[in-house]
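Data file: structure.csv. Format and content: CSV, C-alpha atoms.
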chain,number,residue,atom,x,y,z
L,1,MET,CA,-8.7,61.7,-51.2
L,2,ARG,CA,-11.9,59.9,-52.1
L,3,ILE,CA,-12.8,56.7,-50.2
L,4,ARG,CA,-15.2,54.3,-51.9
L,5,ILE,CA,-17.5,52.6,-49.4
L,6,VAL,CA,-18.4,49.1,-50.4
L,7,ALA,CA,-21.8,47.6,-49.5
L,8,ALA,CA,-22.4,44.9,-46.9
L,9,CYS,CA,-20.1,42.1,-47.9
L,10,ALA,CA,-20.3,38.5,-48.9
L,11,ILE,CA,-17.3,36.2,-48.5
L,12,LEU,CA,-16.4,34.1,-51.5
L,13,THR,CA,-14.3,31.2,-52.5
L,14,LEU,CA,-14.0,29.4,-55.8
L,15,ALA,CA,-15.0,25.7,-55.7
L,16,ILE,CA,-12.0,24.2,-57.6
L,17,ALA,CA,-9.2,21.9,-56.7
L,18,GLY,CA,-6.4,23.8,-54.9
L,19,GLY,CA,-8.6,26.2,-53.0
L,20,ALA,CA,-9.9,29.8,-53.5
L,21,LEU,CA,-9.2,32.0,-56.4
L,22,LEU,CA,-8.7,35.8,-56.3
L,23,TRP,CA,-10.5,37.7,-59.0
L,24,PRO,CA,-8.9,40.8,-60.6
L,25,ARG,CA,-9.4,43.8,-58.4
L,26,GLY,CA,-12.1,46.1,-59.7
L,27,HIS,CA,-13.9,43.3,-61.5
L,28,THR,CA,-16.8,41.0,-60.8
L,29,PRO,CA,-15.8,37.8,-58.9
L,30,ALA,CA,-14.9,35.0,-61.2
L,31,ALA,CA,-17.6,32.7,-62.6
L,32,GLY,CA,-18.0,29.7,-60.2
L,33,ALA,CA,-17.3,31.8,-57.0
L,34,VAL,CA,-19.3,30.3,-54.1
L,35,GLN,CA,-20.5,32.4,-51.2
L,36,MET,CA,-19.4,31.4,-47.7
L,37,GLY,CA,-21.1,32.2,-44.4
L,38,ALA,CA,-24.4,33.4,-45.7
L,39,ILE,CA,-26.5,34.4,-42.7
L,40,PRO,CA,-28.0,31.1,-41.4
L,41,MET,CA,-31.6,30.5,-40.4
L,42,SER,CA,-30.3,28.9,-37.2
L,43,GLY,CA,-27.3,29.8,-35.1
L,44,CYS,CA,-23.6,30.0,-36.1
L,45,THR,CA,-21.4,26.9,-35.8
L,46,GLY,CA,-18.0,28.6,-35.3
L,47,SER,CA,-16.7,26.9,-38.4
L,48,ASP,CA,-18.9,28.7,-40.9
L,49,TYR,CA,-15.9,29.6,-43.1
L,50,GLY,CA,-14.2,26.2,-42.9
L,51,PRO,CA,-11.0,25.1,-41.1
L,52,ALA,CA,-8.7,27.0,-43.5
L,53,PHE,CA,-10.3,30.4,-42.6
L,54,PRO,CA,-10.7,30.1,-38.9
L,55,PRO,CA,-12.2,32.6,-36.4
L,56,ASN,CA,-8.8,33.9,-35.3
L,57,GLY,CA,-8.1,35.1,-38.9
L,58,ASN,CA,-4.9,32.9,-39.2
L,59,TRP,CA,-6.0,31.5,-42.6
L,60,THR,CA,-4.2,29.0,-44.7
L,61,THR,CA,-6.6,29.3,-47.7
L,62,PRO,CA,-7.8,32.8,-48.5
L,63,LEU,CA,-11.3,33.9,-48.8
L,64,TYR,CA,-12.3,37.3,-50.3
L,65,ALA,CA,-14.9,40.0,-49.5
L,66,ALA,CA,-17.1,41.1,-52.3
L,67,SER,CA,-20.0,43.6,-52.6
L,68,ILE,CA,-22.8,41.8,-54.4
L,69,ALA,CA,-26.4,42.8,-54.6
L,70,GLY,CA,-29.3,40.4,-54.1
L,71,VAL,CA,-27.5,37.9,-51.8
L,72,PRO,CA,-27.8,37.2,-48.1
L,73,PRO,CA,-25.1,39.1,-46.2
L,74,SER,CA,-22.3,37.0,-44.8
L,75,SER,CA,-22.4,36.8,-41.0
L,76,CYS,CA,-21.2,34.6,-38.2
L,77,VAL,CA,-17.8,36.3,-38.9
L,78,THR,CA,-15.3,37.5,-36.3
L,79,TRP,CA,-13.5,40.9,-36.6
L,80,PHE,CA,-10.4,38.9,-37.5
L,81,GLN,CA,-12.0,37.1,-40.4
L,82,ALA,CA,-13.7,40.3,-41.6
L,83,GLU,CA,-10.5,42.2,-41.5
L,84,GLN,CA,-8.6,39.5,-43.4
L,85,ALA,CA,-11.3,39.0,-46.0
L,86,CYS,CA,-11.3,42.8,-46.8
L,87,ARG,CA,-7.5,42.9,-47.0
L,88,LEU,CA,-7.4,39.9,-49.3
L,89,ALA,CA,-9.7,41.7,-51.6
L,90,GLY,CA,-7.4,44.8,-51.6
L,91,LYS,CA,-9.7,46.7,-49.2
L,92,ARG,CA,-10.1,47.2,-45.4
L,93,LEU,CA,-12.7,47.6,-42.8
L,94,LEU,CA,-14.2,51.1,-42.5
L,95,THR,CA,-13.2,53.3,-39.6
L,96,ASN,CA,-16.0,54.3,-37.3
L,97,GLN,CA,-15.8,57.9,-38.7
L,98,GLU,CA,-16.0,56.6,-42.2
L,99,TRP,CA,-19.0,54.4,-41.4
L,100,GLN,CA,-20.9,57.3,-39.9
L,101,ALA,CA,-20.2,59.5,-42.8
L,102,ALA,CA,-21.3,56.9,-45.4
L,103,ALA,CA,-24.5,56.3,-43.5
L,104,ALA,CA,-25.7,60.0,-43.5
L,105,GLY,CA,-29.2,60.5,-44.7
L,106,THR,CA,-30.3,56.8,-44.6
L,107,PRO,CA,-34.1,56.9,-43.9
L,108,ASP,CA,-34.7,55.2,-40.5
L,109,PRO,CA,-38.1,53.5,-40.2
L,110,GLY,CA,-37.7,52.7,-36.6
L,111,ALA,CA,-40.1,49.9,-35.9
L,112,ALA,CA,-42.2,50.8,-39.0
L,113,ASP,CA,-40.4,48.3,-41.3
L,114,ASP,CA,-42.7,47.7,-44.3
L,115,LEU,CA,-40.8,44.5,-45.2
L,116,THR,CA,-40.3,45.6,-48.8
L,117,THR,CA,-38.7,49.0,-49.3
L,118,THR,CA,-37.6,50.4,-46.0
L,119,CYS,CA,-34.5,49.4,-44.1
L,120,ALA,CA,-34.9,45.9,-42.5
L,121,THR,CA,-35.3,46.9,-38.8
L,122,ASN,CA,-38.3,44.9,-37.7
L,123,SER,CA,-38.3,41.9,-40.0
L,124,GLU,CA,-38.4,38.1,-39.5
L,125,PHE,CA,-35.0,37.8,-41.1
L,126,ALA,CA,-32.3,39.8,-42.9
L,127,ALA,CA,-33.0,41.2,-46.3
L,128,LEU,CA,-31.0,40.4,-49.4
L,129,THR,CA,-28.3,43.0,-49.9
L,130,GLY,CA,-29.3,46.1,-51.7
L,131,THR,CA,-32.9,45.1,-52.3
L,132,ARG,CA,-34.6,47.6,-49.9
L,133,SER,CA,-34.9,50.5,-52.3
L,134,GLY,CA,-35.7,53.0,-49.5
L,135,CYS,CA,-32.6,52.1,-47.5
L,136,VAL,CA,-29.9,54.2,-49.2
L,137,SER,CA,-27.8,57.0,-47.8
L,138,VAL,CA,-27.1,60.3,-49.5
L,139,TRP,CA,-23.8,58.8,-50.5
L,140,GLY,CA,-25.4,55.8,-52.2
L,141,ALA,CA,-24.5,53.3,-49.5
L,142,HIS,CA,-27.2,50.6,-49.0
L,143,ASP,CA,-28.4,48.9,-45.8
L,144,MET,CA,-26.6,51.1,-43.3
L,145,ALA,CA,-29.5,50.9,-40.8
L,146,GLY,CA,-30.7,47.4,-39.6
L,147,ASN,CA,-30.2,44.2,-41.5
L,148,VAL,CA,-26.9,43.1,-39.8
L,149,TRP,CA,-24.6,44.8,-37.4
L,150,GLU,CA,-21.3,45.7,-39.1
L,151,TRP,CA,-17.8,45.6,-37.8
L,152,VAL,CA,-15.6,48.7,-38.0
L,153,GLY,CA,-11.9,48.8,-37.6
L,154,GLU,CA,-11.2,50.3,-34.2
L,155,TRP,CA,-10.6,48.4,-30.9
L,156,ILE,CA,-11.7,50.2,-27.7
L,157,ASN,CA,-12.3,49.6,-24.0
L,158,ALA,CA,-15.6,47.9,-23.6
L,159,ALA,CA,-18.7,49.8,-22.7
L,160,THR,CA,-19.9,50.2,-19.1
L,161,ALA,CA,-23.6,50.5,-19.9
L,162,CYS,CA,-26.1,51.3,-22.7
L,163,THR,CA,-28.3,54.3,-23.3
L,164,SER,CA,-30.3,55.7,-26.2
L,165,TRP,CA,-29.8,58.8,-28.4
L,166,ASP,CA,-32.4,61.5,-28.3
L,167,SER,CA,-35.2,61.6,-30.8
L,168,ALA,CA,-33.3,63.8,-33.2
L,169,HIS,CA,-30.9,60.8,-33.6
L,170,GLY,CA,-33.6,58.2,-33.9
L,171,GLY,CA,-33.5,57.0,-30.4
L,172,ASP,CA,-30.9,54.5,-31.5
L,173,VAL,CA,-29.0,52.4,-29.0
L,174,SER,CA,-25.6,53.6,-27.8
L,175,CYS,CA,-23.2,51.4,-25.9
L,176,MET,CA,-19.8,53.0,-25.6
L,177,GLY,CA,-17.5,53.4,-22.6
L,178,ILE,CA,-14.0,53.7,-21.2
L,179,ALA,CA,-13.7,50.6,-18.9
L,180,PRO,CA,-14.8,47.0,-18.8
L,181,PRO,CA,-18.4,46.6,-17.5
L,182,ALA,CA,-19.1,44.8,-14.3
L,183,THR,CA,-22.1,43.1,-16.0
L,184,VAL,CA,-22.7,42.8,-19.7
L,185,PRO,CA,-25.4,45.0,-21.1
L,186,PRO,CA,-28.1,43.5,-23.3
L,187,GLY,CA,-26.6,42.1,-26.5
L,188,PRO,CA,-27.3,43.1,-30.1
L,189,GLY,CA,-30.4,40.9,-30.3
L,190,ALA,CA,-29.1,37.5,-31.4
L,191,SER,CA,-27.5,34.6,-29.7
L,192,GLU,CA,-23.7,34.9,-29.4
L,193,LEU,CA,-21.6,31.8,-29.9
L,194,VAL,CA,-18.6,33.2,-28.1
L,195,SER,CA,-19.1,34.6,-24.5
L,196,PHE,CA,-18.1,38.2,-23.8
L,197,ASP,CA,-14.9,38.6,-21.8
L,198,ALA,CA,-14.6,42.0,-20.1
L,199,ASN,CA,-10.8,41.5,-19.9
L,200,LEU,CA,-10.4,41.4,-23.7
L,201,PRO,CA,-10.5,44.4,-26.0
L,202,GLY,CA,-13.8,45.8,-27.0
L,203,THR,CA,-14.7,46.3,-30.7
L,204,ILE,CA,-17.4,48.3,-32.3
L,205,ILE,CA,-20.4,47.2,-34.4
L,206,ARG,CA,-22.7,49.7,-36.1
L,207,GLY,CA,-26.2,50.1,-37.5
L,208,GLY,CA,-28.3,47.5,-35.7
L,209,ASN,CA,-29.9,44.4,-37.1
L,210,TYR,CA,-33.1,43.2,-38.8
L,211,ALA,CA,-35.2,42.6,-35.7
L,212,THR,CA,-34.8,45.1,-32.9
L,213,GLY,CA,-36.9,48.0,-34.2
L,214,ASP,CA,-36.2,51.4,-32.7
L,215,ARG,CA,-32.8,50.4,-31.4
L,216,ASN,CA,-31.5,50.2,-35.0
L,217,GLY,CA,-30.4,53.1,-37.1
L,218,ILE,CA,-27.3,55.0,-38.4
L,219,PHE,CA,-26.4,56.2,-34.9
L,220,ALA,CA,-26.7,52.7,-33.4
L,221,VAL,CA,-23.3,51.8,-31.9
L,222,TYR,CA,-22.4,48.8,-29.8
L,223,GLY,CA,-19.1,48.4,-28.0
L,224,VAL,CA,-19.7,45.4,-25.8
L,225,VAL,CA,-18.3,42.8,-28.1
L,226,ASN,CA,-14.9,41.3,-28.4
L,227,PRO,CA,-13.2,40.9,-31.8
L,228,SER,CA,-13.6,37.2,-31.4
L,229,ASN,CA,-17.4,37.5,-31.2
L,230,ILE,CA,-19.5,35.3,-33.6
L,231,SER,CA,-23.1,36.2,-34.2
L,232,ARG,CA,-25.5,35.5,-37.0
L,233,SER,CA,-26.6,39.1,-36.8
L,234,THR,CA,-23.1,40.6,-37.3
L,235,GLY,CA,-21.5,41.1,-40.7
L,236,PHE,CA,-19.2,43.8,-42.2
L,237,ARG,CA,-18.4,46.0,-45.2
L,238,CYS,CA,-15.1,47.1,-46.7
L,239,ALA,CA,-13.7,50.4,-48.0
L,240,ASN,CA,-11.2,50.9,-50.7
Mind turning the file's structure into structure tokens?
Amino acid sequence: MRIRIVAACAILTLAIAGGALLWPRGHTPAAGAVQMGAIPMSGCTGSDYGPAFPPNGNWTTPLYAASIAGVPPSSCVTWFQAEQACRLAGKRLLTNQEWQAAAAGTPDPGAADDLTTTCATNSEFAALTGTRSGCVSVWGAHDMAGNVWEWVGEWINAATACTSWDSAHGGDVSCMGIAPPATVPPGPGASELVSFDANLPGTIIRGGNYATGDRNGIFAVYGVVNPSNISRSTGFRCAN
């Protein structure tokens, strides 16, 4: 079975009376589609996708995930919203295994981000999707290192602490564990709108973000977030 990995996603609605419109699967989003939740210059509001597509994922008006090059990635999105946006588009969140496989071979600049072609790992702000020509995996997946952290499907027990991979794995950050932490390890590098609760499930975000240098990369894994977490440096991608 071949799994198609979709690039970092934007969330779209159609600005017409009556709410959002679903485009035909496998086709470009309909003319007039409007991006929702583009990564903000300032912090998240918690209502970035409107009252009809709330952070708990219990939507009344659907929004749809789409892979579009040359736009800001949609962020400030909870796991629940990301999962529903993928499903509404006929897709799903990647598993952690699928994410790792899709990222293979992505060049990792560490802190040597050239701001133009390399993965966005040490930039002032996130790059537009698919515009860093040197940030492509051997499978053709764009932006797998840096730019924005990405939700994957699994829930886990939250990490107890953080460490780093060895140099063969880029020195990327690794925060995984089997029990809730007594104290929360340092976050993914951006302000969190929702406080971490060690008594709730942990979820996994992958790849790092645009600003934390050597911590980013295809082995970067962070399991100290709840599925309700909202961060401007966290987005997602879908798989067919």
Check your understanding: Quick one: of L:Thr117, L:Ser167, L:Ser137, L:Thr131, who's nearest to L:Ala101, counting all atoms listed in the file?
Key ->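 Of the candidates, the smallest distance to L:Ala101 is held by L:Ser137.
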**Study point:** L:Pro55 surroundings by all atoms listed in the file, 9 Å radius, close-in-sequence under 3 positions cut, as a list of chain:residue names
**Key:**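 Near L:Pro55, the qualifying residues are L:Gly46, L:Ser47, L:Asp48, L:Tyr49, L:Pro51, L:Asn58, L:Trp59, L:Val77, L:Thr78, L:Trp79, L:Phe80, L:Gln81, L:Ser228, L:Asn229, L:Ile230.
Counting all atoms listed in the file, the residue from L:Ala161, L:Ala120, L:Arg87, L:Tyr210 that sits nearest to L:Asn240 is L:Arg87.
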**Study point:** L:Cys238, L:Val138, L:Val34, L:Val224 ranked by distance to L:Ala104, top pick (using all atoms listed in the file)
**Key:**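 So, comparing all the options, the nearest one is L:Val138.
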Study note, to complete from the structure: In Å and to one decimal, atom CA of L:Cys119 is distant from atom CA of L:His142 by 8.9 Å
Review point. Quick one: of L:Ser164, L:Thr116, L:Ser123, L:Thr61, who's nearest to L:Met176, counting all atoms listed in the file?
Key: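 That would be L:Ser164, the residue with the smallest distance to L:Met176.
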Practice item. Compile the contact shell of L:Gly235 as a PyMOL selection string: residues with an atom at most 8 Å away, counting all atoms listed in the file, same-chain residues fewer than 3 positions apart removed. Key: chain L and resi 8-9+73-77+82+148-151+232
Quick one: residues within 6 Å of stretch 195-203 of chain L, all atoms listed in the file counted, chain neighbours fewer than 2 positions away excluded, as a PDB file with C-alpha atoms, in the frame of the given file?
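Wrote it out as out25.pdb, contents follow:
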ATOM      1  CA  TRP L 155     -10.600  48.400 -30.900  1.00  0.00           C
ATOM      2  CA  ILE L 156     -11.700  50.200 -27.700  1.00  0.00           C
ATOM      3  CA  ASN L 157     -12.300  49.600 -24.000  1.00  0.00           C
ATOM      4  CA  ALA L 158     -15.600  47.900 -23.600  1.00  0.00           C
ATOM      5  CA  PRO L 180     -14.800  47.000 -18.800  1.00  0.00           C
ATOM      6  CA  GLY L 223     -19.100  48.400 -28.000  1.00  0.00           C
ATOM      7  CA  VAL L 225     -18.300  42.800 -28.100  1.00  0.00           C
ATOM      8  CA  ASN L 226     -14.900  41.300 -28.400  1.00  0.00           C
ATOM      9  CA  PRO L 227     -13.200  40.900 -31.800  1.00  0.00           C
TER      10      PRO L 227
END
Practice item. Could you check which of L:Leu88, L:Ala211, L:Ile218, L:Ala127 is closest to L:Thr106, using all atoms listed in the file? Key: L:Ile218
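Here atom CA of L:Pro40 is placed at a distance of 9.1 Å from atom CA of L:Pro72.
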